[in-house]
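**Q** Sending over a structure as structure tokens; questions will come in a sec.
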Amino acid sequence: MSTIVLQLFIAGRTPRTDNAIATLRQLVDEHLSGYPCELVIVDVLTDPQQAEDRQILATPTLIKESPSPQRRIIGDLDDADGLLAALNLPPSPPTS
Amino acid sequence: MTAPLFIPITKLPTGIPGFDHIANGGLPRGRTTLLSGTAGSAKTVFAAQFLAAGIIQFNEAGVFVTFEESPDAIRRNMAGFGWDIATWEAEGKWAFVDVSPQPDIEEVVRGVYDLGGLLARITYAVQRVGAVRVVLDSLGAIFARLDNNQVIRSELLRIVSVLRRMGVTAILTAERTQEYGEIGRYGIEEFVTDDVVILRNLIEDEKRRRTIEILKFRGTSHQKGGFPFTVIPGEGVVVIPLSAIELKQRSSNLRIGTGNADIDRMCGGGFFRDSIILVSGATGTGKTLMATTFLAAGAAQGDRVLLFAFEESRDQLFRNATGWGFDFEEYEQTGQMRVVCHYPEAASLEDQLIMMKNEIQSFRPQRVAIDSLSALERVSTMKGFREFVIGLTSFIKHQEVVGLYTSTTPTLLGGTSITEAHISTITDSIILMRYVELFGEMRRGMTVLKMRGSAHDKEIREFTIDGNGLHIGKAFRTISGILSGQFTHAAPSEIERLGRLFKDSSEVE
């Protein structure tokens, strides 16, 4: 499987942002540890051109860039449960 | 020194023709105006024109935030108005913030969010091009895309307050489902309530009629009520500011020859310049001849003359003129005459008005004739027609020209038309041409009913038409009831007796 590329667009550091980041880290650590995984965080306040290029409307927005197809999730991600399915990613590999 | 108690609200001229007139100067500067209308009410055109006019007329850059149509569609749709958006983008005068739906991207919502991404992009675009004007078009699409109306409302409020802080003047468009009723869906009027403009696309008597109304400008003035507007290729929205037109036309004592010495005499020396003359008569009484003579007399003395013909074709007009000894073709070649023939049905009355204004402005005539005004009556509603006549008349009066309108009465004998009921008070002079039935023969009679600011012949005179034109004869002495069409003949002895009754006793020897 190719590298999983996730981009999280945030608008400054807010409790909502921290929520999303925490949930995402948990997801990567607990469910995607077996895959090559890349997580980029973009702050639209400091990098608005990125927001423009990717046509970001709401924040936080999580984009699963790869593997295709692209998926977008808007919101602070509630919790990690079901997030894999929402991202259309396979369940965590069997622990070795 | 005392500090001012408040900062007065200033206006930003939009550059949209006619709008600044009804807005008493323009949109409130530095604020966001809600532009609401039903589907197809020209909201997007108005909004895009706000930016385009800013670039063209004031060199003010603009940002277009599109929630609905893609930037490509807007560039394409607005090209017909002569707005080269792609070039302005390249010059850094126009920027899009594309928030239109992306059908190929799957989007799901999990948890709470805000529109921080959008706000950052708008702020960035405004700073990048140094925007003075911002458009957000249109709100409905974003409510359809995201589910949490509460969040969107409060986020839009945040965007509006950021726009205000940046000092830009903005238009926010919103759909409404009915022409009358709540301003917009989704309760948006709750947060953008300072300035509201409504576009309507009404249907009356199966005819479409567009109107624009400034519902409110908080703390500053504007004209009240709905004003007609039209959307025309190459120009965009043109508002017709009827009642906002000031009645301050100059009036002139300069007399203009009618082309007929007898009629000049009846009018007390000719028409006044800056005046409007209405010539009313049944079909075939000689109204077109009157207009033709009037124009030819102007052209013969070197004036520029303009004819709007709504009844006859160009060939017919020219042939008739030749029959009366006027060479219209020659006048046209020397650039003294312009003849514009249109079918009344070819365009809406609002469009006709704009067309006529443009013709008058580009040709700059000294004399204008419209043959006939009543032909235009049938393509519009009564209200629309009245507005048209007022708009046209006040425009003509500002141009230092003399205008002659003909109007056809619906009945052969006597009678007035609806046209006249609407315009008789606006016109300065009224000439009636009527058929007179005299002992089994149809004769023609003419009278000057009104001649503002001048004495005139009060008699009803007989006139004849031959190859040399129109000839005024004697007054009808033995007949009364010509204007009503209910003729009664009186014996000469009775007339003498009646005449004596009205003589002052001192005059009688």
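Labeling convention for the structure tokens: chains A, B, ... as they appear, residues from 1 per chain, ligands from 1 in order of appearance.
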Near chain A, which residues of chain B fall within 8 Å when you count only C-alpha atoms, and what do they look like as a PyMOL selection string?
**A** chain B and resi 97-99+105-118+120-121+124
**Q** Would you write out those residues with N, CA and C atoms, as a compact mmCIF listing (two decimals), in the first residue's frame?
**A**
```txt
# COMPACT_ATOMS: atom_id res chain seq x y z
N VAL B 97 -12.81 34.13 -5.12
CA VAL B 97 -12.66 33.13 -4.07
C VAL B 97 -13.71 32.08 -4.40
N ASP B 98 -13.22 30.94 -4.86
CA ASP B 98 -14.12 29.92 -5.38
C ASP B 98 -14.59 29.00 -4.27
N VAL B 99 -15.85 29.13 -3.90
CA VAL B 99 -16.43 28.25 -2.89
C VAL B 99 -17.59 27.49 -3.52
N ILE B 105 -15.47 15.97 -5.38
CA ILE B 105 -14.84 15.76 -4.08
C ILE B 105 -15.91 15.35 -3.06
N GLU B 106 -15.64 14.22 -2.41
CA GLU B 106 -16.59 13.77 -1.39
C GLU B 106 -16.29 14.46 -0.07
N GLU B 107 -17.32 14.93 0.55
CA GLU B 107 -17.15 15.73 1.75
C GLU B 107 -18.12 15.22 2.82
N VAL B 108 -17.61 14.87 3.98
CA VAL B 108 -18.51 14.49 5.06
C VAL B 108 -18.23 15.36 6.28
N VAL B 109 -19.24 15.49 7.12
CA VAL B 109 -19.07 16.31 8.31
C VAL B 109 -18.99 15.41 9.53
N ARG B 110 -17.96 15.61 10.36
CA ARG B 110 -17.82 14.90 11.64
C ARG B 110 -17.39 15.90 12.68
N GLY B 111 -18.29 16.22 13.55
CA GLY B 111 -17.92 17.16 14.61
C GLY B 111 -18.23 18.59 14.25
N VAL B 112 -17.75 19.48 15.10
CA VAL B 112 -18.07 20.90 14.93
C VAL B 112 -17.00 21.58 14.07
N TYR B 113 -17.44 22.63 13.38
CA TYR B 113 -16.53 23.34 12.47
C TYR B 113 -16.91 24.81 12.45
N ASP B 114 -16.07 25.61 11.82
CA ASP B 114 -16.42 26.99 11.54
C ASP B 114 -15.98 27.29 10.11
N LEU B 115 -16.18 28.53 9.65
CA LEU B 115 -15.80 28.86 8.29
C LEU B 115 -14.48 29.63 8.26
N GLY B 116 -13.58 29.21 9.15
CA GLY B 116 -12.28 29.87 9.24
C GLY B 116 -11.51 29.83 7.92
N GLY B 117 -11.66 28.73 7.20
CA GLY B 117 -10.97 28.60 5.91
C GLY B 117 -11.44 29.66 4.94
N LEU B 118 -12.75 29.83 4.87
CA LEU B 118 -13.33 30.82 3.96
C LEU B 118 -12.92 32.23 4.36
N ALA B 120 -10.31 33.19 6.01
CA ALA B 120 -8.89 33.42 5.71
C ALA B 120 -8.69 33.70 4.23
N ARG B 121 -9.43 32.98 3.40
CA ARG B 121 -9.27 33.17 1.95
C ARG B 121 -9.79 34.53 1.51
N TYR B 124 -7.38 37.17 2.67
CA TYR B 124 -6.18 37.07 1.85
C TYR B 124 -6.40 37.71 0.48
```
**Q** Taking the chain letters and numbering used in this document, name the residues of chain A that DSSP puts in strand (DSSP E or B), as a PyMOL selection string.
**A** chain A and resi 4-10+37-43+59+61-66+71-74
**Q** Please report, as a PyMOL selection string, each residue of range 285-447 of chain B to which DSSP assigns alpha helix (DSSP H) when run on this structure's backbone.
**A** chain B and resi 287-300+314-323+328-333+349-363+374-377+382-397+418-423
**Q** Between B:Leu295, B:Asn320, B:Ile276, B:Thr381, which is the closest to Gln399 in chain B once you count only C-alpha atoms?
**A** B:Ile276
**Q** By how many Å are CA of Gly384 in chain B and CA of Phe227 in chain B apart?
**A**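 Interatomic distance, CA of Gly384 in chain B to CA of Phe227 in chain B: 10.3 Å.
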**Q** Separation of CA of Gly140 in chain B and CA of Lys43 in chain B, in Å?
**A**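 These two atoms are separated by 12.5 Å.
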**Q** Fewer than 2 positions away in the same chain doesn't count, so skip those; otherwise give me all residues within 9 Å of Val5 in chain A, counting only C-alpha atoms, as JSON, numbers by chain.
**A** {"A": [3, 7, 36, 37, 38, 39, 40, 63, 64, 65, 66, 67]}
**Q** In Å, with one decimal, what is the gap from CA of Gly225 in chain B to CA of Ile22 in chain B?
**A**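 Rounded to one decimal, the two atoms are 9.5 Å apart.
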**Q** If we count only C-alpha atoms and set the cut-off at 6 Å, which residues sit around range 34-41 of chain B, ignoring sequence neighbours fewer than 5 positions away in its own chain? Please answer as a compact mmCIF listing (two decimals) with N, CA and C atoms, in the first residue's frame.
**A**
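Result file follows (out.txt):
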```
# COMPACT_ATOMS: atom_id res chain seq x y z
N ILE B 171 -21.45 43.49 -1.16
CA ILE B 171 -22.80 43.08 -1.49
C ILE B 171 -22.91 41.59 -1.20
N LEU B 172 -23.95 41.23 -0.47
CA LEU B 172 -24.19 39.84 -0.12
C LEU B 172 -25.52 39.48 -0.78
N THR B 173 -25.52 38.53 -1.70
CA THR B 173 -26.79 38.23 -2.37
C THR B 173 -27.46 37.04 -1.71
N ALA B 174 -28.78 37.03 -1.76
CA ALA B 174 -29.54 35.95 -1.15
C ALA B 174 -30.81 35.70 -1.94
N GLU B 175 -31.22 34.44 -2.00
CA GLU B 175 -32.44 34.11 -2.70
C GLU B 175 -33.64 34.36 -1.81
N ARG B 176 -34.73 34.68 -2.44
CA ARG B 176 -35.99 34.65 -1.72
C ARG B 176 -36.96 33.86 -2.60
N THR B 177 -37.97 33.29 -1.96
CA THR B 177 -38.85 32.41 -2.72
C THR B 177 -40.03 33.15 -3.30
N VAL B 196 -30.62 46.94 2.85
CA VAL B 196 -31.27 45.88 2.08
C VAL B 196 -31.77 46.43 0.75
N VAL B 197 -31.39 45.76 -0.33
CA VAL B 197 -31.87 46.11 -1.67
C VAL B 197 -32.57 44.88 -2.23
N ILE B 198 -33.73 45.09 -2.85
CA ILE B 198 -34.49 43.96 -3.37
C ILE B 198 -34.65 44.08 -4.88
N LEU B 199 -34.38 43.00 -5.57
CA LEU B 199 -34.61 42.94 -7.02
C LEU B 199 -35.85 42.10 -7.25
N ARG B 200 -36.73 42.59 -8.12
CA ARG B 200 -37.95 41.82 -8.40
C ARG B 200 -38.05 41.58 -9.89
N ASN B 201 -38.66 40.45 -10.21
CA ASN B 201 -38.90 40.10 -11.61
C ASN B 201 -40.37 39.72 -11.68
```
